[in-house]
$ cat work.tsv   # TSV, C-alpha atoms
chain	number	residue	atom	x	y	z
Y	1246	MET	CA	0.00	0.00	0.00
Y	1247	LYS	CA	1.33	3.42	-0.92
Y	1248	ARG	CA	1.08	6.17	1.64
Y	1249	LEU	CA	-2.58	7.08	1.76
Y	1250	VAL	CA	-3.70	9.58	-0.83
Y	1251	THR	CA	-7.07	11.20	-1.24
Y	1252	GLY	CA	-9.75	8.57	-1.77
Y	1253	LEU	CA	-7.93	5.68	-0.06
Y	1254	LEU	CA	-9.25	5.38	3.45
Y	1255	SER	CA	-8.43	3.14	6.38
Y	1256	LEU	CA	-11.12	1.71	8.64
Y	1257	SER	CA	-11.11	-0.69	11.55
Y	1258	LEU	CA	-13.58	-3.51	11.00
Y	1259	LEU	CA	-14.81	-6.22	13.40
Y	1260	LEU	CA	-12.67	-4.99	16.26
Y	1261	GLY	CA	-9.95	-2.49	16.85
Y	1262	GLY	CA	-8.91	-0.81	20.06
Y	1263	CYS	CA	-12.37	-0.92	21.60
Y	1264	ALA	CA	-11.90	0.35	25.13
Y	1265	SER	CA	-14.10	-0.69	28.01
Y	1266	THR	CA	-13.57	2.57	29.89
Y	1267	ALA	CA	-15.11	5.42	27.92
Y	1268	PRO	CA	-16.99	8.64	28.66
Y	1269	THR	CA	-20.63	8.09	29.54
Y	1270	SER	CA	-22.12	10.72	27.21
Y	1271	PRO	CA	-21.65	11.19	23.45
Y	1272	PRO	CA	-19.80	14.23	22.12
Y	1273	PRO	CA	-22.68	16.15	20.46
Y	1274	ALA	CA	-20.30	18.67	18.88
Y	1275	LEU	CA	-19.07	15.86	16.63
Y	1276	PHE	CA	-22.52	15.08	15.21
Y	1277	ALA	CA	-24.03	16.81	12.17
Y	1278	ASP	CA	-27.46	15.25	11.66
Y	1279	GLU	CA	-28.77	18.15	9.58
Y	1280	ARG	CA	-26.13	17.54	6.89
Y	1281	PHE	CA	-27.21	14.00	6.07
Y	1282	ALA	CA	-30.38	12.56	4.59
Y	1283	PRO	CA	-32.46	10.27	6.84
Y	1284	PRO	CA	-31.31	6.63	6.81
Y	1285	SER	CA	-32.86	4.27	4.28
Y	1286	GLU	CA	-33.04	1.46	6.84
Y	1287	ALA	CA	-33.61	1.04	10.55
Y	1288	VAL	CA	-30.42	1.93	12.43
Y	1289	GLY	CA	-29.70	0.56	15.87
Y	1290	ALA	CA	-28.93	-2.54	17.91
Y	1291	GLN	CA	-32.09	-2.97	19.96
Y	1292	ASP	CA	-32.67	-6.49	18.61
Y	1293	LEU	CA	-29.02	-7.49	18.36
Y	1294	PHE	CA	-29.31	-10.47	20.70
Y	1295	ALA	CA	-33.02	-11.17	20.21
Y	1296	LEU	CA	-34.10	-14.71	19.31
Y	1297	SER	CA	-36.45	-15.14	16.36
Y	1298	PRO	CA	-39.41	-17.55	16.54
Y	1299	ALA	CA	-37.39	-20.00	14.42
Y	1300	MET	CA	-34.51	-19.83	16.91
Y	1301	ARG	CA	-36.88	-20.51	19.81
Y	1302	ASP	CA	-38.36	-23.47	17.95
Y	1303	TYR	CA	-34.86	-24.83	17.42
Y	1304	LEU	CA	-33.99	-24.24	21.07
Y	1305	HIS	CA	-36.92	-26.39	22.14
Y	1306	SER	CA	-36.53	-29.07	19.48
Y	1307	ALA	CA	-35.94	-32.69	20.43
Y	1308	THR	CA	-32.53	-32.72	18.75
Y	1309	PHE	CA	-31.34	-29.66	20.67
Y	1310	THR	CA	-32.60	-30.73	24.07
Y	1311	GLN	CA	-31.09	-34.20	23.59
Y	1312	ARG	CA	-27.67	-32.65	22.95
Y	1313	LEU	CA	-27.95	-30.60	26.14
Y	1314	ARG	CA	-28.90	-33.68	28.19
Y	1315	SER	CA	-26.12	-35.85	26.80
Y	1316	LYS	CA	-23.24	-33.35	26.72
Y	1317	GLY	CA	-24.10	-30.66	29.22
Y	1318	MET	CA	-25.29	-27.12	28.58
Y	1319	ARG	CA	-22.16	-25.58	27.10
Y	1320	GLN	CA	-20.80	-28.38	24.96
Y	1321	GLY	CA	-24.31	-29.34	23.93
Y	1322	LEU	CA	-24.96	-25.77	22.75
Y	1323	LEU	CA	-21.73	-25.66	20.74
Y	1324	ASP	CA	-22.35	-29.06	19.17
Y	1325	ALA	CA	-25.87	-28.03	18.23
Y	1326	LEU	CA	-24.81	-24.72	16.65
Y	1327	TYR	CA	-21.59	-25.70	14.94
Y	1328	SER	CA	-21.75	-29.39	14.10
Y	1329	LYS	CA	-21.40	-30.16	10.40
Y	1330	THR	CA	-24.61	-32.20	10.42
Y	1331	ASP	CA	-27.07	-29.71	11.90
Y	1332	LEU	CA	-27.13	-25.97	11.14
Y	1333	LYS	CA	-24.03	-26.12	8.91
Y	1334	LEU	CA	-23.03	-22.53	9.62
Y	1335	GLU	CA	-20.47	-20.93	7.30
Y	1336	TYR	CA	-17.92	-18.21	7.99
Y	1337	GLU	CA	-18.62	-15.20	5.78
Y	1338	SER	CA	-16.91	-11.87	6.42
Y	1339	ARG	CA	-18.73	-9.38	4.21
Y	1340	ILE	CA	-21.85	-8.69	6.27
Y	1341	THR	CA	-22.26	-8.19	10.01
Y	1342	ARG	CA	-25.59	-9.60	11.16
Y	1343	THR	CA	-27.74	-9.70	14.26
Y	1344	ALA	CA	-28.27	-13.00	16.06
Y	1345	SER	CA	-31.51	-13.77	14.22
Y	1346	GLU	CA	-30.11	-12.72	10.82
Y	1347	THR	CA	-27.07	-14.94	11.33
Y	1348	TYR	CA	-29.28	-17.88	12.22
Y	1349	GLU	CA	-31.52	-17.33	9.19
Y	1350	ALA	CA	-28.62	-16.91	6.75
Y	1351	ARG	CA	-26.62	-19.76	8.32
Y	1352	MET	CA	-23.48	-17.65	7.95
Y	1353	GLY	CA	-21.66	-14.77	9.58
Y	1354	ASN	CA	-18.33	-13.17	10.39
Y	1355	CYS	CA	-16.68	-13.72	13.76
Y	1356	LEU	CA	-18.65	-10.89	15.38
Y	1357	SER	CA	-21.96	-12.20	14.02
Y	1358	LEU	CA	-21.20	-15.73	15.22
Y	1359	VAL	CA	-20.25	-14.41	18.66
Y	1360	ILE	CA	-23.51	-12.45	18.84
Y	1361	MET	CA	-25.63	-15.44	17.82
Y	1362	THR	CA	-23.84	-17.76	20.26
Y	1363	ALA	CA	-24.32	-15.22	23.05
Y	1364	ALA	CA	-28.02	-14.92	22.25
Y	1365	PHE	CA	-28.58	-18.67	22.64
Y	1366	ALA	CA	-26.36	-18.86	25.73
Y	1367	LYS	CA	-28.15	-15.99	27.46
Y	1368	GLU	CA	-31.52	-17.57	26.70
Y	1369	LEU	CA	-30.26	-20.76	28.37
Y	1370	GLY	CA	-29.13	-18.82	31.44
Y	1371	MET	CA	-25.40	-19.24	30.83
Y	1372	PRO	CA	-22.97	-16.48	31.84
Y	1373	VAL	CA	-21.31	-14.93	28.78
Y	1374	ARG	CA	-17.91	-13.26	28.53
Y	1375	PHE	CA	-16.83	-11.29	25.45
Y	1376	GLN	CA	-13.09	-11.05	24.74
Y	1377	SER	CA	-10.88	-9.18	22.33
Y	1378	VAL	CA	-8.00	-11.34	21.15
Y	1379	GLU	CA	-4.53	-9.84	20.81
Y	1380	VAL	CA	-3.63	-10.91	17.30
Y	1381	ALA	CA	-1.96	-8.71	14.72
Y	1382	ASP	CA	-4.58	-6.80	12.74
Y	1383	SER	CA	-5.18	-8.21	9.28
Y	1384	TRP	CA	-5.83	-5.97	6.30
Y	1385	SER	CA	-8.00	-6.19	3.22
Y	1386	ARG	CA	-9.01	-3.78	0.47
Y	1387	THR	CA	-12.51	-3.22	-0.84
Y	1388	ALA	CA	-13.70	-0.35	-3.05
Y	1389	GLY	CA	-10.52	1.62	-2.41
Y	1390	ILE	CA	-10.91	1.33	1.37
Y	1391	TYR	CA	-8.36	-0.46	3.52
Y	1392	LEU	CA	-10.03	-2.48	6.27
Y	1393	SER	CA	-8.19	-3.42	9.43
Y	1394	SER	CA	-9.74	-6.50	11.02
Y	1395	ALA	CA	-8.92	-7.61	14.51
Y	1396	HIS	CA	-10.67	-10.36	16.45
Y	1397	ILE	CA	-13.26	-11.15	19.11
Y	1398	ASN	CA	-14.31	-14.41	20.74
Y	1399	ILE	CA	-16.70	-15.53	23.47
Y	1400	GLY	CA	-16.40	-17.42	26.72
Y	1401	LEU	CA	-19.32	-19.44	28.09
Y	1402	GLY	CA	-19.68	-19.92	31.82
Y	1403	GLN	CA	-21.25	-22.99	33.37
Y	1404	HIS	CA	-24.94	-23.22	34.07
Y	1405	ALA	CA	-25.82	-24.26	37.63
Y	1406	SER	CA	-27.58	-27.34	36.21
Y	1407	ASP	CA	-24.16	-28.71	35.25
Y	1408	VAL	CA	-23.42	-29.50	38.91
Y	1409	LEU	CA	-23.09	-33.22	38.17
Y	1410	ARG	CA	-20.38	-32.43	35.62
Y	1411	GLY	CA	-18.22	-30.61	38.14
Y	1412	TYR	CA	-19.87	-27.18	38.34
Y	1413	ASP	CA	-17.41	-24.33	38.77
Y	1414	PRO	CA	-18.77	-20.77	38.37
Y	1415	GLU	CA	-15.29	-19.51	37.43
Y	1416	ARG	CA	-14.70	-22.06	34.65
Y	1417	VAL	CA	-15.17	-20.64	31.16
Y	1418	LEU	CA	-15.29	-22.46	27.82
Y	1419	VAL	CA	-13.75	-20.23	25.15
Y	1420	VAL	CA	-15.36	-20.41	21.70
Y	1421	ASP	CA	-13.24	-19.06	18.87
Y	1422	PHE	CA	-14.03	-18.86	15.17
Y	1423	ILE	CA	-10.56	-18.30	13.71
Y	1424	PRO	CA	-8.83	-21.31	12.13
Y	1425	ARG	CA	-5.59	-20.85	14.03
Y	1426	ASP	CA	-3.90	-23.53	16.06
Y	1427	GLU	CA	-2.54	-20.98	18.51
Y	1428	ALA	CA	-5.94	-19.38	19.28
Y	1429	ALA	CA	-6.20	-20.90	22.75
Y	1430	SER	CA	-2.85	-19.45	23.84
Y	1431	LEU	CA	-3.41	-15.89	22.61
Y	1432	ARG	CA	-3.79	-13.06	25.11
Y	1433	THR	CA	-7.27	-11.65	25.55
Y	1434	ARG	CA	-8.95	-8.64	27.10
Y	1435	GLU	CA	-12.48	-8.74	28.44
Y	1436	LEU	CA	-15.10	-6.56	26.76
Y	1437	GLU	CA	-18.42	-5.34	28.02
Y	1438	GLU	CA	-21.61	-5.93	26.09
Y	1439	GLU	CA	-21.69	-2.22	25.21
Y	1440	ASP	CA	-18.38	-2.71	23.40
Y	1441	VAL	CA	-19.89	-5.49	21.29
Y	1442	VAL	CA	-22.86	-3.28	20.45
Y	1443	ALA	CA	-20.52	-0.49	19.33
Y	1444	LEU	CA	-18.50	-2.93	17.22
Y	1445	TYR	CA	-21.65	-4.13	15.49
Y	1446	LEU	CA	-22.76	-0.58	14.72
Y	1447	ASN	CA	-19.29	0.40	13.52
Y	1448	ASN	CA	-19.15	-2.60	11.20
Y	1449	ARG	CA	-22.50	-1.66	9.70
Y	1450	ALA	CA	-21.19	1.86	9.11
Y	1451	ALA	CA	-18.08	0.54	7.36
Y	1452	GLU	CA	-20.12	-1.84	5.22
Y	1453	ALA	CA	-22.48	0.99	4.15
Y	1454	LEU	CA	-19.48	3.16	3.29
Y	1455	ILE	CA	-17.99	0.42	1.10
Y	1456	GLN	CA	-21.31	0.36	-0.77
Y	1457	ASP	CA	-21.12	4.17	-1.15
Y	1458	ARG	CA	-24.23	4.65	0.98
Y	1459	ILE	CA	-22.79	7.69	2.73
Y	1460	ASP	CA	-25.95	8.84	4.51
Y	1461	ASP	CA	-26.66	5.39	5.93
Y	1462	ALA	CA	-22.99	5.08	6.91
Y	1463	TYR	CA	-23.25	8.31	8.89
Y	1464	TRP	CA	-26.23	7.16	10.94
Y	1465	TRP	CA	-24.62	3.81	11.74
Y	1466	ALA	CA	-21.36	5.53	12.72
Y	1467	ARG	CA	-23.23	8.09	14.80
Y	1468	ALA	CA	-24.97	5.27	16.66
Y	1469	ALA	CA	-21.62	3.54	17.23
Y	1470	VAL	CA	-20.05	6.68	18.71
Y	1471	ALA	CA	-23.11	7.25	20.89
Y	1472	ALA	CA	-22.99	3.64	22.09
Y	1473	ARG	CA	-19.34	3.87	23.19
Y	1474	PRO	CA	-18.26	7.53	23.22
Y	1475	GLY	CA	-14.57	8.29	23.04
Y	1476	THR	CA	-13.53	5.07	21.29
Y	1477	ALA	CA	-10.93	5.75	18.59
Y	1478	THR	CA	-12.28	3.07	16.25
Y	1479	THR	CA	-15.78	4.51	16.01
Y	1480	LEU	CA	-14.54	8.11	15.88
Y	1481	ASN	CA	-12.23	7.16	13.00
Y	1482	THR	CA	-15.13	5.72	11.02
Y	1483	LEU	CA	-17.25	8.82	11.62
Y	1484	ALA	CA	-14.37	11.09	10.56
Y	1485	VAL	CA	-13.81	9.09	7.35
Y	1486	ILE	CA	-17.50	9.53	6.51
Y	1487	TYR	CA	-17.25	13.28	7.10
Y	1488	HIS	CA	-14.24	13.46	4.78
Y	1489	ARG	CA	-16.07	11.54	2.07
Y	1490	HIS	CA	-19.08	13.84	2.47
Y	1491	GLY	CA	-16.97	17.00	2.20
Y	1492	GLU	CA	-17.32	18.01	5.85
Y	1493	LEU	CA	-13.61	18.75	6.21
Y	1494	ALA	CA	-13.61	20.75	9.44
Y	1495	LEU	CA	-15.79	18.15	11.15
Y	1496	ALA	CA	-13.57	15.37	9.82
Y	1497	GLU	CA	-10.45	16.97	11.29
Y	1498	ARG	CA	-12.15	17.64	14.62
Y	1499	THR	CA	-13.27	14.02	14.83
Y	1500	PHE	CA	-9.87	12.62	13.85
Y	1501	GLN	CA	-8.27	14.78	16.56
Y	1502	ALA	CA	-10.78	13.47	19.10
Y	1503	ALA	CA	-9.78	9.93	18.13
Y	1504	LEU	CA	-6.08	10.76	18.45
Y	1505	ALA	CA	-6.67	12.25	21.88
Y	1506	ARG	CA	-7.88	8.77	22.80
Y	1507	GLU	CA	-5.17	6.79	20.94
Y	1508	PRO	CA	-2.29	9.04	19.78
Y	1509	GLU	CA	-0.62	6.33	17.66
Y	1510	ASN	CA	-3.68	4.74	16.08
Y	1511	LEU	CA	-2.42	4.09	12.55
Y	1512	SER	CA	-5.84	4.01	10.93
Y	1513	VAL	CA	-6.57	7.48	12.24
Y	1514	LEU	CA	-3.13	8.84	11.35
Y	1515	ARG	CA	-3.30	7.47	7.80
Y	1516	ASN	CA	-6.69	9.04	7.25
Y	1517	LEU	CA	-5.70	12.39	8.69
Y	1518	GLU	CA	-2.74	12.73	6.28
Y	1519	PRO	CA	-4.77	13.11	3.04
Y	1520	LEU	CA	-7.25	15.35	4.86
Y	1521	LEU	CA	-4.44	17.75	5.73
Y	1522	LEU	CA	-3.45	17.82	2.06
Y	1523	THR	CA	-7.03	18.57	1.05
Y	1524	LEU	CA	-7.09	21.38	3.61
Y	1525	GLY	CA	-4.00	22.90	1.99
Y	1526	ARG	CA	-1.55	22.09	4.79
Y	1527	PRO	CA	1.17	20.06	3.02
Y	1528	LEU	CA	3.87	20.67	5.63
Y	1529	GLU	CA	1.69	19.19	8.38
Y	1530	ALA	CA	0.84	16.27	6.11
Y	1531	GLN	CA	4.53	15.67	5.40
Y	1532	ALA	CA	5.36	15.71	9.10
Y	1533	LEU	CA	2.52	13.29	9.76
Y	1534	ALA	CA	3.77	10.98	6.99
Y	1535	LYS	CA	7.15	10.82	8.72
Y	1536	ARG	CA	5.46	10.04	12.01
Y	1537	ILE	CA	3.47	7.22	10.40
Y	1538	ALA	CA	6.63	5.80	8.81
Y	1539	SER	CA	8.38	5.82	12.19
Y	1540	ILE	CA	5.56	3.72	13.67
Y	1541	GLU	CA	5.19	1.37	10.69
Y	1542	PRO	CA	7.95	1.66	8.07
Y	1543	THR	CA	6.36	-0.87	5.72
Y	1544	PRO	CA	2.60	-0.39	5.42
Y	1545	PRO	CA	0.07	-3.13	4.60
Y	1546	TYR	CA	-0.05	-4.22	0.96
Y	1547	HIS	CA	3.38	-2.68	0.24
Y	1548	TYR	CA	4.96	-5.88	-1.10
Y	1549	PHE	CA	1.67	-7.06	-2.62
Y	1550	ASP	CA	1.42	-3.93	-4.75
Y	1551	LYS	CA	5.04	-4.37	-5.83
Y	1552	GLY	CA	4.27	-7.98	-6.71
Y	1553	MET	CA	1.31	-6.97	-8.87
Y	1554	VAL	CA	3.51	-4.49	-10.76
Y	1555	ALA	CA	6.12	-7.22	-11.34
Y	1556	LEU	CA	3.44	-9.72	-12.42
Y	1557	LYS	CA	1.99	-7.31	-14.98
Y	1558	ALA	CA	5.49	-6.60	-16.28
Y	1559	GLY	CA	6.14	-10.31	-16.79
Y	1560	ASP	CA	8.79	-10.49	-14.06
Y	1561	PHE	CA	7.35	-13.58	-12.43
Y	1562	ASP	CA	10.41	-14.36	-10.30
Y	1563	GLN	CA	10.22	-10.93	-8.66
Y	1564	ALA	CA	6.47	-11.31	-8.24
Y	1565	VAL	CA	7.02	-14.54	-6.30
Y	1566	VAL	CA	9.54	-12.79	-4.06
Y	1567	ASP	CA	7.23	-9.85	-3.34
Y	1568	PHE	CA	4.08	-11.92	-2.80
Y	1569	ALA	CA	6.00	-14.31	-0.54
Y	1570	ARG	CA	7.16	-11.39	1.62
Y	1571	GLU	CA	3.56	-10.23	2.02
Y	1572	VAL	CA	2.41	-13.78	2.81
Y	1573	LYS	CA	5.09	-14.01	5.49
Y	1574	ARG	CA	3.61	-10.92	7.15
Y	1575	ALA	CA	-0.01	-12.03	6.72
Y	1576	PRO	CA	-0.15	-15.82	6.21
Y	1577	TYR	CA	-3.96	-15.97	6.52
Y	1578	ASN	CA	-4.68	-13.39	3.83
Y	1579	ASP	CA	-6.35	-15.32	1.00
Y	1580	GLU	CA	-5.65	-12.64	-1.63
Y	1581	PHE	CA	-1.91	-12.77	-0.99
Y	1582	ARG	CA	-1.91	-16.58	-1.12
Y	1583	PHE	CA	-3.87	-16.65	-4.37
Y	1584	TRP	CA	-1.60	-14.26	-6.25
Y	1585	LEU	CA	1.51	-16.02	-4.96
Y	1586	GLY	CA	0.00	-19.17	-6.46
Y	1587	ILE	CA	-0.64	-17.37	-9.75
Y	1588	ALA	CA	2.96	-16.14	-9.88
Y	1589	HIS	CA	4.18	-19.71	-9.36
Y	1590	LEU	CA	1.78	-20.84	-12.06
Y	1591	ARG	CA	3.28	-18.36	-14.52
Y	1592	LEU	CA	6.68	-19.92	-13.80
Y	1593	GLY	CA	5.31	-23.43	-14.36
Y	1594	HIS	CA	5.61	-24.38	-10.67
Y	1595	LEU	CA	2.36	-26.35	-10.58
Y	1596	ALA	CA	2.82	-27.94	-7.15
Y	1597	ASP	CA	3.56	-24.59	-5.49
Y	1598	ALA	CA	0.66	-22.99	-7.35
Y	1599	ARG	CA	-1.76	-25.67	-6.14
Y	1600	GLU	CA	-0.48	-25.39	-2.57
Y	1601	HIS	CA	-0.97	-21.64	-2.27
Y	1602	ILE	CA	-4.29	-21.52	-4.09
Y	1603	ALA	CA	-5.58	-24.34	-1.87
Y	1604	LEU	CA	-4.57	-22.25	1.15
Y	1605	ALA	CA	-6.37	-19.28	-0.39
Y	1606	VAL	CA	-9.54	-21.39	-0.50
Y	1607	ASP	CA	-9.05	-22.45	3.13
Y	1608	HIS	CA	-8.37	-18.93	4.41
Y	1609	SER	CA	-10.99	-17.06	2.41
Y	1610	THR	CA	-13.81	-15.51	4.44
Y	1611	ARG	CA	-15.94	-14.62	1.41
Y	1612	GLY	CA	-18.08	-17.13	-0.43
Y	1613	ASP	CA	-17.69	-15.43	-3.82
Y	1614	MET	CA	-13.90	-15.46	-3.59
Y	1615	ARG	CA	-13.85	-19.09	-2.45
Y	1616	GLU	CA	-15.67	-19.94	-5.68
Y	1617	VAL	CA	-13.05	-18.07	-7.75
Y	1618	TYR	CA	-10.14	-19.75	-5.99
Y	1619	SER	CA	-11.80	-23.17	-6.08
Y	1620	ALA	CA	-12.36	-22.91	-9.84
Y	1621	LYS	CA	-8.69	-22.14	-10.43
Y	1622	LEU	CA	-7.64	-24.94	-8.09
Y	1623	ALA	CA	-9.93	-27.41	-9.87
Y	1624	HIS	CA	-8.34	-26.43	-13.18
Y	1625	LEU	CA	-4.84	-26.97	-11.81
Y	1626	ARG	CA	-5.79	-30.39	-10.49
Y	1627	LYS	CA	-7.23	-31.26	-13.90
Y	1628	VAL	CA	-3.97	-30.19	-15.49
Y	1629	ALA	CA	-2.05	-32.45	-13.13
Y	1630	THR	CA	-4.20	-35.51	-13.83
Y	1631	THR	CA	-5.09	-35.17	-17.52
Y	1632	GLY	CA	-2.42	-32.97	-19.01
Y	1633	THR	CA	-4.96	-30.31	-20.02
Y	1634	ARG	CA	-3.37	-27.07	-21.19
Y	1635	LEU	CA	-2.93	-24.28	-18.68
Y	1636	ARG	CA	-5.08	-21.20	-18.96
$ encode --input "work.tsv" --output "structure tokens"
Amino acid sequence: MKRLVTGLLSLSLLLGGCASTAPTSPPPALFADERFAPPSEAVGAQDLFALSPAMRDYLHSATFTQRLRSKGMRQGLLDALYSKTDLKLEYESRITRTASETYEARMGNCLSLVIMTAAFAKELGMPVRFQSVEVADSWSRTAGIYLSSAHINIGLGQHASDVLRGYDPERVLVVDFIPRDEAASLRTRELEEEDVVALYLNNRAAEALIQDRIDDAYWWARAAVAARPGTATTLNTLAVIYHRHGELALAERTFQAALAREPENLSVLRNLEPLLLTLGRPLEAQALAKRIASIEPTPPYHYFDKGMVALKAGDFDQAVVDFAREVKRAPYNDEFRFWLGIAHLRLGHLADAREHIALAVDHSTRGDMREVYSAKLAHLRKVATTGTRLR
């Protein structure tokens, strides 16, 4: 990724620096309701954890209750929700859903799955603990916007009815939705339910912005800031929306409010730099660029972009080198894996190409991209078995 220029914006999605100690009232000076059209959809999180009639029917079904009796409340709940033979839930990162929407769609990102699991657990009377997981933020690009995705999981406490299974009110079963072997050993920080609500609202704002629904994005971001005032992540999203809408003074004020909370938040700093240029303050922007470089000398997508240039120029060896360096920094990024596989393919390294494209399929969090990768992988396997020509 080049240093951010006008039009390339950085957002935190799913989770990012969400503090559990924040001011108790929203900063009204940062809101500008009169400058945006009313939302085209209902905005809020009142029904975030609500169970639909279909969910209640499932909760009282014979299959569900049998699982609870045979395996205990917590393990029975997890087996019922995430077994391959029952609901068959899929991980899908593009849309953040409420509990009932996730159940109906049978898919969700990590935040959606946490919300749905919490809804069932709370209905069953189980204590619930939300946790942010200290993993390096992963990056993706959509519609010219860089998205920083961190991670959240959920811990389920024991129900008092599990006394025969060794009831311990302090014992928590951690449920994680990332496919990483080291997940259980990662450091975590407990979140309050209000943090989860703000994360949901912030995600909806980011998703509306990606779709260029600026007015809807504003109302979702406003709700996120009001839900957890003073959080840098939500303030950053609101400021990005102001910049996109041409509210430059408000954008700067909101970025500065975010930096007062987290002075070295890279998403905020990267977004403030092009705003300063737009405001005609190039010296301040240059100084900020140096500050950003001192915090993170090599930004996300730096080697990937170099690899794409090399690939287009026909320098496939250099493309492999650059893509491999990006994969080393972000081994679970499906886009990086796929293009590393393509670079190997251009060199005739069929085994390496199959390996990396297969990993792209495994790591992808989007159904449409899994189909693209799977089609290419199927072609490579056909080449290996039948000698069909490469394409």
$ closest_residue --input "work.tsv" --among "Y:Ala1443, Y:Leu1275, Y:Met1371, Y:Leu1356" --to "Gly1317 (chain Y)" --atoms "all atoms listed in the file"
Y:Met1371
$ atom_distance --input "work.tsv" --atom1 "CA of Asn1516 (chain Y)" --atom2 "CA of Met1614 (chain Y)"
27.7 Å
$ closest_residue --input "work.tsv" --among "Y:Ala1277, Y:Leu1334, Y:Val1606, Y:Met1361" --to "Leu1483 (chain Y)" --atoms "all atoms listed in the file"
Y:Ala1277
$ closest_residue --input "work.tsv" --among "Y:Leu1524, Y:Val1417, Y:Val1566, Y:Met1300" --to "Glu1349 (chain Y)" --atoms "all atoms listed in the file"
Y:Met1300
$ residues_around --input "work.tsv" --residues "Val1359 (chain Y)" --least-positions-apart "4" --cutoff "9 Å" --atoms "all atoms listed in the file" --output "list in words"
Ala1344, Asn1354, Cys1355, Ala1363, Ala1364, Phe1375, Ile1397, Asn1398, Ile1399, Val1420, Asp1421 and Phe1422 of chain Y
$ write_last_selection --input "work.tsv" --atoms "C-alpha atoms" --output "mmCIF file, in the frame of the given file"
data_model
loop_
_atom_site.group_PDB
_atom_site.id
_atom_site.type_symbol
_atom_site.label_atom_id
_atom_site.label_comp_id
_atom_site.auth_asym_id
_atom_site.auth_seq_id
_atom_site.Cartn_x
_atom_site.Cartn_y
_atom_site.Cartn_z
ATOM 1 C CA ALA Y 1344 -28.270 -13.000 16.060
ATOM 2 C CA ASN Y 1354 -18.330 -13.170 10.390
ATOM 3 C CA CYS Y 1355 -16.680 -13.720 13.760
ATOM 4 C CA ALA Y 1363 -24.320 -15.220 23.050
ATOM 5 C CA ALA Y 1364 -28.020 -14.920 22.250
ATOM 6 C CA PHE Y 1375 -16.830 -11.290 25.450
ATOM 7 C CA ILE Y 1397 -13.260 -11.150 19.110
ATOM 8 C CA ASN Y 1398 -14.310 -14.410 20.740
ATOM 9 C CA ILE Y 1399 -16.700 -15.530 23.470
ATOM 10 C CA VAL Y 1420 -15.360 -20.410 21.700
ATOM 11 C CA ASP Y 1421 -13.240 -19.060 18.870
ATOM 12 C CA PHE Y 1422 -14.030 -18.860 15.170
#
$ closest_residue --input "work.tsv" --among "Y:Ala1555, Y:Leu1358, Y:Val1378, Y:Leu1436" --to "Tyr1327 (chain Y)" --atoms "only C-alpha atoms"
Y:Leu1358
$ residues_around --input "work.tsv" --residues "Gln1563 (chain Y)" --least-positions-apart "4" --cutoff "12 Å" --atoms "all atoms listed in the file" --output "list in words"
Tyr1548, Phe1549, Asp1550, Lys1551, Gly1552, Met1553, Val1554, Ala1555, Leu1556, Lys1557, Ala1558, Gly1559, Asp1567, Phe1568, Ala1569, Arg1570, Leu1585, Ala1588, His1589, Arg1591 and Leu1592 of chain Y
$ atom_distance --input "work.tsv" --atom1 "CA of Asn1447 (chain Y)" --atom2 "CA of Trp1465 (chain Y)"
6.6 Å
$ atom_distance --input "work.tsv" --atom1 "CA of Arg1611 (chain Y)" --atom2 "CA of Arg1458 (chain Y)"
21.0 Å
$ closest_residue --input "work.tsv" --among "Y:His1608, Y:Ala1462, Y:Leu1520, Y:Ala1603" --to "Ala1623 (chain Y)" --atoms "all atoms listed in the file"
Y:Ala1603
$ closest_atom_pairs --input "work.tsv" --of "region 1429-1522 of chain Y" --to "region 1534-1544 of chain Y" --cutoff "12 Å" --atoms "all atoms listed in the file" --output "Markdown table"
| residue | atom | partner | partner_atom | distance |
| --- | --- | --- | --- | --- |
| Y:Pro1508 | CA | Y:Arg1536 | CA | 11.0 |
| Y:Glu1509 | CA | Y:Ile1540 | CA | 7.8 |
| Y:Asn1510 | CA | Y:Ile1537 | CA | 9.5 |
| Y:Leu1511 | CA | Y:Ile1537 | CA | 7.0 |
| Y:Ser1512 | CA | Y:Ile1537 | CA | 9.9 |
| Y:Val1513 | CA | Y:Ile1537 | CA | 10.2 |
| Y:Leu1514 | CA | Y:Ile1537 | CA | 6.9 |
| Y:Arg1515 | CA | Y:Ile1537 | CA | 7.3 |
| Y:Asn1516 | CA | Y:Ala1534 | CA | 10.6 |
| Y:Leu1517 | CA | Y:Ala1534 | CA | 9.7 |
| Y:Glu1518 | CA | Y:Ala1534 | CA | 6.8 |
| Y:Pro1519 | CA | Y:Ala1534 | CA | 9.6 |
| Y:Leu1521 | CA | Y:Ala1534 | CA | 10.7 |
| Y:Leu1522 | CA | Y:Ala1534 | CA | 11.1 |
$ write_last_selection --input "work.tsv" --atoms "C-alpha atoms" --output "PDB file, in the coordinates of the input"
ATOM      1  CA  PRO Y1508      -2.290   9.040  19.780  1.00  0.00           C
ATOM      2  CA  GLU Y1509      -0.620   6.330  17.660  1.00  0.00           C
ATOM      3  CA  ASN Y1510      -3.680   4.740  16.080  1.00  0.00           C
ATOM      4  CA  LEU Y1511      -2.420   4.090  12.550  1.00  0.00           C
ATOM      5  CA  SER Y1512      -5.840   4.010  10.930  1.00  0.00           C
ATOM      6  CA  VAL Y1513      -6.570   7.480  12.240  1.00  0.00           C
ATOM      7  CA  LEU Y1514      -3.130   8.840  11.350  1.00  0.00           C
ATOM      8  CA  ARG Y1515      -3.300   7.470   7.800  1.00  0.00           C
ATOM      9  CA  ASN Y1516      -6.690   9.040   7.250  1.00  0.00           C
ATOM     10  CA  LEU Y1517      -5.700  12.390   8.690  1.00  0.00           C
ATOM     11  CA  GLU Y1518      -2.740  12.730   6.280  1.00  0.00           C
ATOM     12  CA  PRO Y1519      -4.770  13.110   3.040  1.00  0.00           C
ATOM     13  CA  LEU Y1521      -4.440  17.750   5.730  1.00  0.00           C
ATOM     14  CA  LEU Y1522      -3.450  17.820   2.060  1.00  0.00           C
TER      15      LEU Y1522
END
